$ cat entry.txt   # compact mmCIF, C-alpha atoms (C1' of nucleotides)
# COMPACT_ATOMS: atom_id res chain seq x y z
CA MET A 1 0.00 0.00 0.00
CA ASP A 2 1.18 3.49 -0.79
CA GLU A 3 3.20 4.71 2.21
CA SER A 4 3.01 8.35 1.16
CA LEU A 5 -0.63 8.45 2.19
CA ASP A 6 0.38 8.28 5.86
CA HIS A 7 1.83 11.69 5.36
CA LYS A 8 -1.67 13.14 5.11
CA LEU A 9 -2.37 12.45 8.77
CA ILE A 10 0.90 14.06 9.85
CA CYS A 11 0.23 17.09 7.65
CA TYR A 12 -3.17 17.43 9.19
CA ILE A 13 -1.92 17.22 12.77
CA ASN A 14 0.97 19.56 11.98
CA LYS A 15 -1.50 22.33 11.25
CA TRP A 16 -2.17 22.56 14.96
CA VAL A 17 0.94 21.30 16.78
CA LYS A 18 4.53 21.23 15.54
CA LEU A 19 5.85 17.68 15.52
CA ASP A 20 9.48 16.62 15.30
CA PRO A 21 10.43 13.55 13.20
CA GLU A 22 10.73 11.34 16.27
CA GLU A 23 7.15 12.17 17.29
CA GLU A 24 5.87 11.66 13.77
CA LYS A 25 7.34 8.18 13.81
CA LYS A 26 5.67 7.32 17.12
CA ILE A 27 2.34 8.60 15.89
CA LEU A 28 2.42 6.67 12.64
CA ALA A 29 3.42 3.53 14.51
CA SER A 30 0.27 3.84 16.62
CA PHE A 31 -2.13 3.74 13.69
CA GLU A 32 -3.11 0.76 11.58
CA LYS A 33 -3.90 1.29 7.95
CA GLN A 34 -7.01 -0.34 6.53
CA ALA A 35 -8.40 -0.40 2.99
CA ILE A 36 -12.17 -0.79 2.73
CA LYS A 37 -14.57 -1.32 -0.15
CA LYS A 38 -17.63 0.83 -0.72
CA LYS A 39 -20.68 0.39 1.56
CA ILE A 40 -18.80 -1.71 4.11
CA LYS A 41 -19.80 -1.37 7.78
CA LEU A 42 -17.03 -0.51 10.25
CA LEU A 43 -19.42 -0.60 13.20
CA GLU A 44 -22.93 -1.88 13.90
CA PRO A 45 -25.37 -1.17 16.74
CA GLY A 46 -24.65 -3.30 19.79
CA GLN A 47 -20.93 -3.45 19.09
CA VAL A 48 -18.42 -1.44 21.08
CA CYS A 49 -16.65 1.07 18.85
CA GLN A 50 -13.01 -0.07 18.80
CA TYR A 51 -11.44 2.68 16.74
CA ILE A 52 -11.28 6.29 15.77
CA TYR A 53 -10.71 6.44 12.03
CA PHE A 54 -8.81 9.07 10.12
CA ILE A 55 -9.99 8.98 6.50
CA ILE A 56 -7.04 9.29 4.13
CA GLN A 57 -9.06 8.57 1.03
CA GLY A 58 -12.76 8.06 0.38
CA GLY A 59 -15.51 8.81 2.85
CA ALA A 60 -17.87 7.41 5.47
CA ARG A 61 -21.09 8.17 7.28
CA SER A 62 -22.51 7.36 10.69
CA TYR A 63 -26.22 6.74 11.09
CA TYR A 64 -28.76 4.96 13.26
CA HIS A 65 -32.31 3.67 13.25
CA ASP A 66 -34.77 5.36 15.59
CA ALA A 67 -37.57 3.66 17.52
CA LYS A 68 -39.82 3.78 14.43
CA GLY A 69 -37.08 2.20 12.34
CA ASP A 70 -36.33 5.35 10.37
CA GLU A 71 -32.73 5.94 9.40
CA HIS A 72 -31.01 9.19 10.41
CA ILE A 73 -27.55 10.27 9.35
CA TYR A 74 -25.36 11.81 12.05
CA GLN A 75 -22.20 12.54 10.16
CA ILE A 76 -20.84 12.51 6.65
CA ARG A 77 -17.07 12.77 6.39
CA LEU A 78 -14.72 12.69 3.41
CA GLU A 79 -10.90 12.39 3.36
CA ASN A 80 -8.77 14.34 5.87
CA ASN A 81 -11.36 13.98 8.57
CA TRP A 82 -11.97 11.84 11.61
CA ILE A 83 -14.96 9.59 12.08
CA SER A 84 -16.05 7.32 14.93
CA ASP A 85 -18.73 6.88 17.55
CA LEU A 86 -16.88 8.76 20.25
CA GLU A 87 -19.42 8.02 22.92
CA SER A 88 -19.02 4.27 22.53
CA TYR A 89 -15.28 4.54 21.90
CA PHE A 90 -14.51 6.41 25.10
CA SER A 91 -17.06 4.72 27.34
CA GLN A 92 -16.52 1.28 25.82
CA GLN A 93 -20.27 0.77 25.93
CA PRO A 94 -22.26 -0.68 23.00
CA SER A 95 -22.95 1.77 20.21
CA LYS A 96 -26.33 2.70 18.71
CA PHE A 97 -24.72 3.61 15.41
CA TYR A 98 -23.67 2.20 12.10
CA LEU A 99 -20.41 3.38 10.59
CA GLU A 100 -20.25 2.72 6.86
CA THR A 101 -17.99 3.69 3.97
CA LEU A 102 -19.55 5.83 1.25
CA GLU A 103 -16.83 4.99 -1.25
CA GLU A 104 -13.83 2.71 -1.55
CA SER A 105 -11.66 4.13 1.23
CA ILE A 106 -8.35 4.02 3.03
CA VAL A 107 -8.31 4.84 6.74
CA LEU A 108 -5.87 4.97 9.64
CA ARG A 109 -7.38 3.62 12.83
CA ILE A 110 -6.39 3.71 16.49
CA SER A 111 -7.82 1.94 19.53
CA PRO A 112 -8.45 3.66 22.88
CA GLU A 113 -5.62 1.83 24.65
CA VAL A 114 -3.07 2.70 22.00
CA LEU A 115 -4.33 6.29 21.97
CA GLU A 116 -3.87 6.50 25.75
CA ASN A 117 -0.28 5.31 25.34
CA LEU A 118 0.29 7.77 22.56
CA TYR A 119 -0.88 10.61 24.82
CA GLU A 120 1.84 9.54 27.28
CA GLU A 121 4.54 9.16 24.67
CA VAL A 122 3.65 12.26 22.66
CA PRO A 123 1.88 14.78 24.89
CA LYS A 124 1.40 17.02 21.85
CA MET A 125 -1.25 14.54 20.73
CA GLU A 126 -3.27 15.29 23.82
CA ARG A 127 -2.99 18.91 22.84
CA TYR A 128 -3.94 18.12 19.26
CA PHE A 129 -7.06 16.25 20.31
CA ARG A 130 -7.95 18.98 22.77
CA ILE A 131 -7.92 21.44 19.88
CA LEU A 132 -9.74 19.00 17.60
CA PHE A 133 -12.61 18.44 20.03
CA GLN A 134 -12.76 22.11 20.86
CA LYS A 135 -13.28 22.92 17.18
CA ALA A 136 -15.69 20.02 16.70
CA TYR A 137 -17.74 21.27 19.65
CA ILE A 138 -17.88 24.82 18.29
CA ASN A 139 -18.95 23.52 14.86
CA SER A 140 -21.54 21.27 16.35
CA LEU A 141 -23.05 24.19 18.27
CA ALA A 142 -23.24 26.20 15.06
CA ARG A 143 -24.95 23.30 13.30
CA LEU A 144 -27.34 22.95 16.23
CA ASN A 145 -28.18 26.59 16.00
CA SER A 146 -28.90 26.52 12.29
CA THR A 147 -31.09 23.45 12.74
CA MET A 148 -33.14 25.18 15.40
CA TRP A 149 -33.56 28.58 13.89
CA GLU A 150 -33.05 28.44 10.14
CA THR A 151 -35.35 27.05 7.48
CA ALA A 152 -34.51 23.89 5.56
CA GLU A 153 -33.69 26.02 2.54
CA GLU A 154 -31.22 28.21 4.43
CA ARG A 155 -29.48 25.17 5.85
CA TYR A 156 -29.17 23.61 2.41
CA ASN A 157 -27.71 26.79 0.95
CA GLU A 158 -25.07 26.98 3.69
CA MET A 159 -24.22 23.35 3.10
CA ILE A 160 -23.58 23.78 -0.63
CA LYS A 161 -21.56 26.89 0.04
CA GLU A 162 -19.24 25.10 2.46
CA ASN A 163 -19.26 21.49 1.28
CA CYS A 164 -19.95 21.50 -2.43
CA ASP A 165 -17.68 18.47 -2.84
CA ILE A 166 -19.90 16.33 -0.61
CA LEU A 167 -22.85 17.12 -2.86
CA GLN A 168 -21.13 15.67 -5.89
CA ARG A 169 -20.11 12.46 -4.19
CA VAL A 170 -22.99 11.56 -1.88
CA PRO A 171 -26.62 10.62 -2.72
CA GLN A 172 -29.13 13.41 -2.16
CA THR A 173 -31.09 11.31 0.31
CA TYR A 174 -28.05 11.21 2.59
CA ILE A 175 -27.57 14.96 2.42
CA ALA A 176 -31.24 15.43 3.25
CA SER A 177 -31.01 13.16 6.29
CA TYR A 178 -27.80 14.86 7.44
CA LEU A 179 -29.54 18.23 7.22
CA GLY A 180 -32.61 16.93 9.02
CA ILE A 181 -34.91 17.28 6.00
CA ALA A 182 -37.17 14.77 4.22
CA PRO A 183 -35.71 13.78 0.84
CA GLU A 184 -38.84 15.04 -0.92
CA SER A 185 -38.47 18.44 0.71
CA LEU A 186 -34.84 18.69 -0.36
CA SER A 187 -35.84 17.84 -3.91
CA ARG A 188 -38.37 20.66 -3.88
CA ILE A 189 -35.82 23.11 -2.47
CA ARG A 190 -33.39 22.25 -5.26
CA LYS A 191 -36.05 22.71 -7.91
CA LYS A 192 -36.65 26.29 -6.83
CA LYS A 193 -33.20 27.40 -7.96
CA MET B 194 -14.99 36.27 49.76
CA ASP B 195 -15.46 32.68 50.87
CA GLU B 196 -12.29 30.80 49.94
CA SER B 197 -13.89 27.40 50.31
CA LEU B 198 -15.79 27.96 47.09
CA ASP B 199 -12.58 27.61 45.08
CA HIS B 200 -12.61 24.02 46.13
CA LYS B 201 -15.55 23.37 43.85
CA LEU B 202 -13.46 23.87 40.74
CA ILE B 203 -10.75 21.55 42.02
CA CYS B 204 -13.34 18.90 42.94
CA TYR B 205 -14.80 19.16 39.49
CA ILE B 206 -11.46 18.80 37.72
CA ASN B 207 -10.43 15.99 40.04
CA LYS B 208 -13.27 13.89 38.69
CA TRP B 209 -11.31 13.48 35.48
CA VAL B 210 -7.62 13.89 36.33
CA LYS B 211 -5.87 13.33 39.67
CA LEU B 212 -4.21 16.50 40.87
CA ASP B 213 -1.55 16.78 43.55
CA PRO B 214 -1.64 19.76 45.98
CA GLU B 215 1.10 21.59 44.07
CA GLU B 216 -0.93 21.44 40.88
CA GLU B 217 -4.09 22.51 42.65
CA LYS B 218 -2.29 25.57 43.87
CA LYS B 219 -1.08 26.50 40.39
CA ILE B 220 -4.53 26.05 38.96
CA LEU B 221 -6.25 28.19 41.56
CA ALA B 222 -3.59 30.86 41.12
CA SER B 223 -4.50 31.07 37.42
CA PHE B 224 -8.14 31.90 37.97
CA GLU B 225 -9.63 35.18 39.12
CA LYS B 226 -12.74 35.14 41.21
CA GLN B 227 -15.56 37.50 40.30
CA ALA B 228 -18.90 38.14 41.97
CA ILE B 229 -21.67 39.30 39.66
CA LYS B 230 -25.19 40.57 40.22
CA LYS B 231 -28.20 39.16 38.41
CA LYS B 232 -28.75 40.03 34.71
CA ILE B 233 -25.28 41.49 34.26
CA LYS B 234 -23.62 41.06 30.87
CA LEU B 235 -20.18 39.44 30.83
CA LEU B 236 -19.89 39.79 27.07
CA GLU B 237 -21.67 41.70 24.31
CA PRO B 238 -21.65 41.29 20.52
CA GLY B 239 -18.65 42.98 18.93
CA GLN B 240 -16.44 42.42 21.95
CA VAL B 241 -13.73 39.77 22.01
CA CYS B 242 -14.48 37.13 24.64
CA GLN B 243 -11.69 37.48 27.21
CA TYR B 244 -12.52 34.65 29.56
CA ILE B 245 -13.81 31.16 30.08
CA TYR B 246 -15.94 31.21 33.21
CA PHE B 247 -16.41 28.41 35.69
CA ILE B 248 -19.64 29.04 37.56
CA ILE B 249 -19.22 28.32 41.28
CA GLN B 250 -22.57 29.70 42.26
CA GLY B 251 -25.53 31.02 40.29
CA GLY B 252 -25.97 30.64 36.54
CA ALA B 253 -25.63 32.28 33.16
CA ARG B 254 -26.86 32.07 29.61
CA SER B 255 -25.43 32.87 26.19
CA TYR B 256 -27.68 34.21 23.46
CA TYR B 257 -27.68 36.30 20.31
CA HIS B 258 -29.98 38.29 18.05
CA ASP B 259 -30.54 36.97 14.54
CA ALA B 260 -30.90 39.05 11.39
CA LYS B 261 -34.59 39.64 12.16
CA GLY B 262 -33.71 40.80 15.66
CA ASP B 263 -35.14 37.73 17.39
CA GLU B 264 -33.32 36.48 20.45
CA HIS B 265 -32.09 32.88 20.58
CA ILE B 266 -30.54 31.19 23.60
CA TYR B 267 -27.50 29.01 22.93
CA GLN B 268 -26.65 27.79 26.41
CA ILE B 269 -28.02 27.83 29.90
CA ARG B 270 -25.56 26.84 32.60
CA LEU B 271 -25.86 26.67 36.38
CA GLU B 272 -23.12 26.17 39.00
CA ASN B 273 -20.33 23.62 38.44
CA ASN B 274 -20.29 24.29 34.73
CA TRP B 275 -18.25 26.25 32.25
CA ILE B 276 -19.59 29.01 30.07
CA SER B 277 -18.00 31.23 27.43
CA ASP B 278 -18.05 32.00 23.73
CA LEU B 279 -15.31 29.56 22.82
CA GLU B 280 -15.18 30.60 19.21
CA SER B 281 -14.38 34.19 20.08
CA TYR B 282 -12.19 33.20 23.03
CA PHE B 283 -9.88 30.96 21.04
CA SER B 284 -9.86 32.95 17.80
CA GLN B 285 -9.78 36.33 19.58
CA GLN B 286 -12.26 37.60 17.00
CA PRO B 287 -15.34 39.66 17.94
CA SER B 288 -18.22 37.64 19.35
CA LYS B 289 -21.81 37.55 18.09
CA PHE B 290 -23.08 36.61 21.54
CA TYR B 291 -24.25 38.03 24.80
CA LEU B 292 -23.18 36.32 27.99
CA GLU B 293 -25.41 37.24 30.92
CA THR B 294 -25.93 36.06 34.47
CA LEU B 295 -29.31 34.52 35.28
CA GLU B 296 -28.88 34.98 39.02
CA GLU B 297 -26.47 36.62 41.42
CA SER B 298 -23.35 34.55 40.72
CA ILE B 299 -19.77 33.81 41.62
CA VAL B 300 -17.43 32.70 38.85
CA LEU B 301 -13.79 31.83 38.34
CA ARG B 302 -12.44 33.19 35.09
CA ILE B 303 -9.31 32.59 33.05
CA SER B 304 -7.92 34.38 29.99
CA PRO B 305 -6.50 32.55 26.96
CA GLU B 306 -2.90 33.61 27.71
CA VAL B 307 -3.05 32.42 31.29
CA LEU B 308 -4.70 29.20 30.19
CA GLU B 309 -1.89 28.58 27.70
CA ASN B 310 0.64 29.03 30.50
CA LEU B 311 -1.34 26.75 32.73
CA TYR B 312 -1.27 24.02 30.05
CA GLU B 313 2.55 24.29 30.16
CA GLU B 314 2.80 24.31 33.93
CA VAL B 315 0.17 21.65 34.55
CA PRO B 316 -0.15 19.37 31.52
CA LYS B 317 -2.98 17.56 33.25
CA MET B 318 -5.08 20.61 32.50
CA GLU B 319 -4.60 20.06 28.81
CA ARG B 320 -5.86 16.55 29.42
CA TYR B 321 -8.76 17.82 31.48
CA PHE B 322 -9.87 20.22 28.77
CA ARG B 323 -9.43 17.54 26.12
CA ILE B 324 -11.86 15.38 28.09
CA LEU B 325 -14.17 18.32 28.76
CA PHE B 326 -14.46 19.28 25.08
CA GLN B 327 -14.79 15.66 24.08
CA LYS B 328 -17.79 15.28 26.35
CA ALA B 329 -19.22 18.65 25.32
CA TYR B 330 -18.95 17.61 21.68
CA ILE B 331 -20.70 14.29 22.30
CA ASN B 332 -23.49 16.06 24.21
CA SER B 333 -23.86 18.67 21.56
CA LEU B 334 -24.27 15.99 18.88
CA ALA B 335 -26.98 14.34 20.96
CA ARG B 336 -28.76 17.65 21.36
CA LEU B 337 -28.45 18.24 17.63
CA ASN B 338 -29.96 14.89 16.93
CA SER B 339 -32.92 15.39 19.21
CA THR B 340 -33.54 18.82 17.68
CA MET B 341 -33.60 17.32 14.20
CA TRP B 342 -35.62 14.19 14.77
CA GLU B 343 -37.72 14.53 17.91
CA THR B 344 -40.86 16.55 18.50
CA ALA B 345 -40.90 19.63 20.72
CA GLU B 346 -42.75 17.61 23.35
CA GLU B 347 -40.16 14.81 23.41
CA ARG B 348 -37.35 17.32 23.73
CA TYR B 349 -39.08 19.06 26.62
CA ASN B 350 -39.65 15.79 28.42
CA GLU B 351 -35.98 14.83 28.13
CA MET B 352 -35.03 18.24 29.42
CA ILE B 353 -37.13 18.02 32.57
CA LYS B 354 -35.87 14.48 33.19
CA GLU B 355 -32.23 15.57 33.08
CA ASN B 356 -32.32 19.20 34.23
CA CYS B 357 -35.29 19.61 36.49
CA ASP B 358 -33.32 22.15 38.56
CA ILE B 359 -32.99 24.51 35.59
CA LEU B 360 -36.76 24.53 35.24
CA GLN B 361 -37.26 25.86 38.73
CA ARG B 362 -34.71 28.62 38.41
CA VAL B 363 -35.03 29.89 34.84
CA PRO B 364 -37.97 31.62 33.10
CA GLN B 365 -39.96 29.38 30.80
CA THR B 366 -39.31 31.62 27.82
CA TYR B 367 -35.59 30.91 28.17
CA ILE B 368 -36.15 27.16 28.32
CA ALA B 369 -38.32 27.40 25.22
CA SER B 370 -35.67 29.32 23.31
CA TYR B 371 -32.96 26.91 24.45
CA LEU B 372 -35.04 23.99 23.19
CA GLY B 373 -35.80 25.76 19.92
CA ILE B 374 -39.54 26.14 20.61
CA ALA B 375 -41.84 29.18 20.61
CA PRO B 376 -42.79 30.14 24.20
CA GLU B 377 -46.49 29.71 23.36
CA SER B 378 -45.86 26.18 22.14
CA LEU B 379 -43.99 25.28 25.31
CA SER B 380 -46.86 26.62 27.37
CA ARG B 381 -49.28 24.35 25.47
CA ILE B 382 -47.01 21.35 25.90
CA ARG B 383 -46.92 21.92 29.65
CA LYS B 384 -50.68 22.26 29.83
CA LYS B 385 -51.18 18.81 28.36
CA LYS B 386 -49.66 17.10 31.42
C1' DC C 387 -50.61 48.16 45.83
C1' DG C 388 -49.64 48.82 41.04
C1' DA C 389 -46.79 48.55 36.94
C1' DA C 390 -44.19 45.62 34.14
C1' DA C 391 -43.04 41.14 32.80
C1' DA C 392 -44.12 36.40 32.07
C1' DT C 393 -47.38 33.11 30.83
C1' DT C 394 -51.57 31.44 28.88
C1' DT C 395 -55.18 31.19 25.54
C1' DG C 396 -57.44 31.59 21.02
C1' DA C 397 -57.55 31.93 16.04
C1' DC C 398 -55.17 31.33 12.14
C1' DA C 399 -51.14 30.55 8.89
C1' DT C 400 -47.54 27.74 7.03
C1' DG C 401 -43.29 25.00 6.35
C1' DA C 402 -42.27 20.66 6.13
C1' DC C 403 -43.78 15.74 6.43
C1' DT C 404 -46.20 11.64 4.67
C1' DC C 405 -47.77 8.59 1.33
C1' DA C 406 -48.33 7.28 -3.18
C1' DA C 407 -47.54 7.54 -7.95
C1' DC C 408 -44.49 8.70 -11.62
C1' DT C 409 -39.93 9.48 -14.17
C1' DG C 410 -35.45 8.69 -15.76
C1' DG C 411 -30.95 6.88 -15.70
C1' DA C 412 -27.68 2.95 -14.44
C1' DG C 413 -26.75 -1.61 -14.44
C1' DT C 414 -27.91 -6.52 -15.83
C1' DG C 415 -28.78 -10.37 -18.54
C1' DG C 416 -30.60 -12.56 -22.58
C1' DC D 417 -27.57 -4.05 -28.18
C1' DC D 418 -32.00 -3.90 -26.55
C1' DA D 419 -35.60 -4.87 -23.09
C1' DC D 420 -36.05 -5.13 -17.93
C1' DT D 421 -35.42 -4.10 -13.38
C1' DC D 422 -34.09 -1.26 -9.78
C1' DC D 423 -33.37 2.71 -7.30
C1' DA D 424 -32.81 7.57 -6.64
C1' DG D 425 -35.11 11.45 -7.41
C1' DT D 426 -39.37 14.10 -8.52
C1' DT D 427 -44.11 15.50 -8.29
C1' DG D 428 -48.79 15.95 -6.32
C1' DA D 429 -52.26 16.05 -2.68
C1' DG D 430 -53.45 16.17 1.87
C1' DT D 431 -52.15 16.60 6.90
C1' DC D 432 -50.06 18.14 11.05
C1' DA D 433 -46.99 20.15 14.29
C1' DT D 434 -45.53 24.27 15.38
C1' DG D 435 -45.19 29.19 14.48
C1' DT D 436 -47.34 33.93 14.55
C1' DC D 437 -50.03 37.61 16.30
C1' DA D 438 -53.09 39.59 19.50
C1' DA D 439 -55.57 39.62 23.66
C1' DA D 440 -56.39 38.00 28.36
C1' DT D 441 -54.57 36.54 32.63
C1' DT D 442 -51.30 35.69 36.20
C1' DT D 443 -47.06 36.48 38.54
C1' DT D 444 -43.27 39.17 40.08
C1' DC D 445 -41.24 42.68 42.51
C1' DG D 446 -40.26 47.54 43.57

$ encode --input "entry.txt" --output "structure tokens"
Amino acid sequence: MDESLDHKLICYINKWVKLDPEEEKKILASFEKQAIKKKIKLLEPGQVCQYIYFIIQGGARSYYHDAKGDEHIYQIRLENNWISDLESYFSQQPSKFYLETLEESIVLRISPEVLENLYEEVPKMERYFRILFQKAYINSLARLNSTMWETAEERYNEMIKENCDILQRVPQTYIASYLGIAPESLSRIRKKK
Amino acid sequence: MDESLDHKLICYINKWVKLDPEEEKKILASFEKQAIKKKIKLLEPGQVCQYIYFIIQGGARSYYHDAKGDEHIYQIRLENNWISDLESYFSQQPSKFYLETLEESIVLRISPEVLENLYEEVPKMERYFRILFQKAYINSLARLNSTMWETAEERYNEMIKENCDILQRVPQTYIASYLGIAPESLSRIRKKK
DNA sequence: CGAAAATTTGACATGACTCAACTGGAGTGG
DNA sequence: CCACTCCAGTTGAGTCATGTCAAATTTTCG
């Protein structure tokens, strides 16, 4: 498998903390690379989430089925992003979620134990994840806010402004679910333009 | 001012990382205590958010005015919780939010520069905040999900189950706004019971 | 006690959902 | 290479939860 891809993770982390070569080596040694075909499940409800995944290539989504059996998409992530069920991963309790590739993908994965060790060995990683979660939290609050107070149309327009690549690569139904809209409604919104 | 209150912060942090007395001292030295009357603004739109606040006693909310001038509440926090506008605080860009006490309150506050120093002096704090943001992110995703896929009534019921104390101490209009419901609708939901 | 604020109630409007039918393009097999 | 199926997306009609606006009522607090 192409070793140069590992570099993407290091690049990404280096945006927020400055790593020396020794640290980079330790980090890369902590992750396992995995190649996955399209529409393959990395996690299913009832299982404990064993890994955080960094997507080097491809994409994935997390979703679940509610009490009525309806499917709702929590996250859609393409390359250079993390995906997991953090709640299950950190608590080591069974997950309610599916984790599934959207495309043929390559990921780097790390288990909670190895991550704990990595925090000890490379304290900058603790800093990196502190910053990562801080930003994720801020983003999530913004998304929460737009879901509460903006119309479906406004939310869709913001989405295409910021993530036009996702639109090209992911079925419309998934986008709709991610935005909290019925697929029919999203279709009508798109027609208006 | 009552010194014993400082202990609350240490207790709270000690739930997640084990501090020795030396570290506790450094942490407490980094925070400034502030007593604030009811309905006082700690931050207004246009200002840069200078502090993260740990509420020892009392409570606060963050809110903003949208383009139409309507007020929306982002967060409601009582004692033993953090409140701030993290986006402004970490980016040092002007905030869009108000931060206002709900009751007469006592807080411990810390500026970004002092917090950076504290991370250096007491690396466990970096770990603590990593865990804090991690949990905040997970909670925020859950709140997002319930806003998207549950009815106003379901959301209200979950709220009273988990935060019945907030209900007693905060005007209903605020709860409604926090839940993303019109105050009239919340009133009708409550009547049904 | 009285003014101001918060909450409730009523009447009505509407954005978005649901369900069902239709369309069109992609992939499959004869 | 053409029919056939399948699935995502679209369209239409009807419904419903929740919002809006205005008025009435209750609560709060100086």

$ residues_around --input "entry.txt" --residues "Asp278 of chain B" --least-positions-apart "6" --cutoff "10 Å" --atoms "only C-alpha atoms (C1' of nucleotides)" --output "list in words"
Ile138 of chain A; Leu236, Val241, Cys242, Gln243, Tyr244, Ile245, Tyr246, Ser255, Tyr256, Tyr267, Gln268, Pro287, Ser288, Lys289, Phe290, Tyr291 and Leu292 of chain B

$ residues_around --input "entry.txt" --residues "segment 391-405 of chain C" --least-positions-apart "2" --cutoff "12 Å" --atoms "all atoms listed in the file" --output "PyMOL selection string"
(chain A and resi 150-153+180-186+188-189) or (chain B and resi 342+363-367+376-384) or (chain C and resi 389+407) or (chain D and resi 428-445)

$ interface_residues --input "entry.txt" --of "chain A" --to "chain B" --cutoff "6 Å" --atoms "all atoms listed in the file" --output "PyMOL selection string"
chain A and resi 130+133-134+137+144+148+180

$ atom_distance --input "entry.txt" --atom1 "atom CA of Leu102 of chain A" --atom2 "atom CA of Tyr89 of chain A"
21.1 Å

$ atom_distance --input "entry.txt" --atom1 "atom CA of Ser111 of chain A" --atom2 "atom CA of Gln57 of chain A"
19.7 Å

$ atom_distance --input "entry.txt" --atom1 "atom CA of Glu217 of chain B" --atom2 "atom CA of Asn310 of chain B"
14.6 Å

$ interface_residues --input "entry.txt" --of "chain D" --to "chain A" --cutoff "10 Å" --atoms "only C-alpha atoms (C1' of nucleotides)" --output "count of residues only"
4
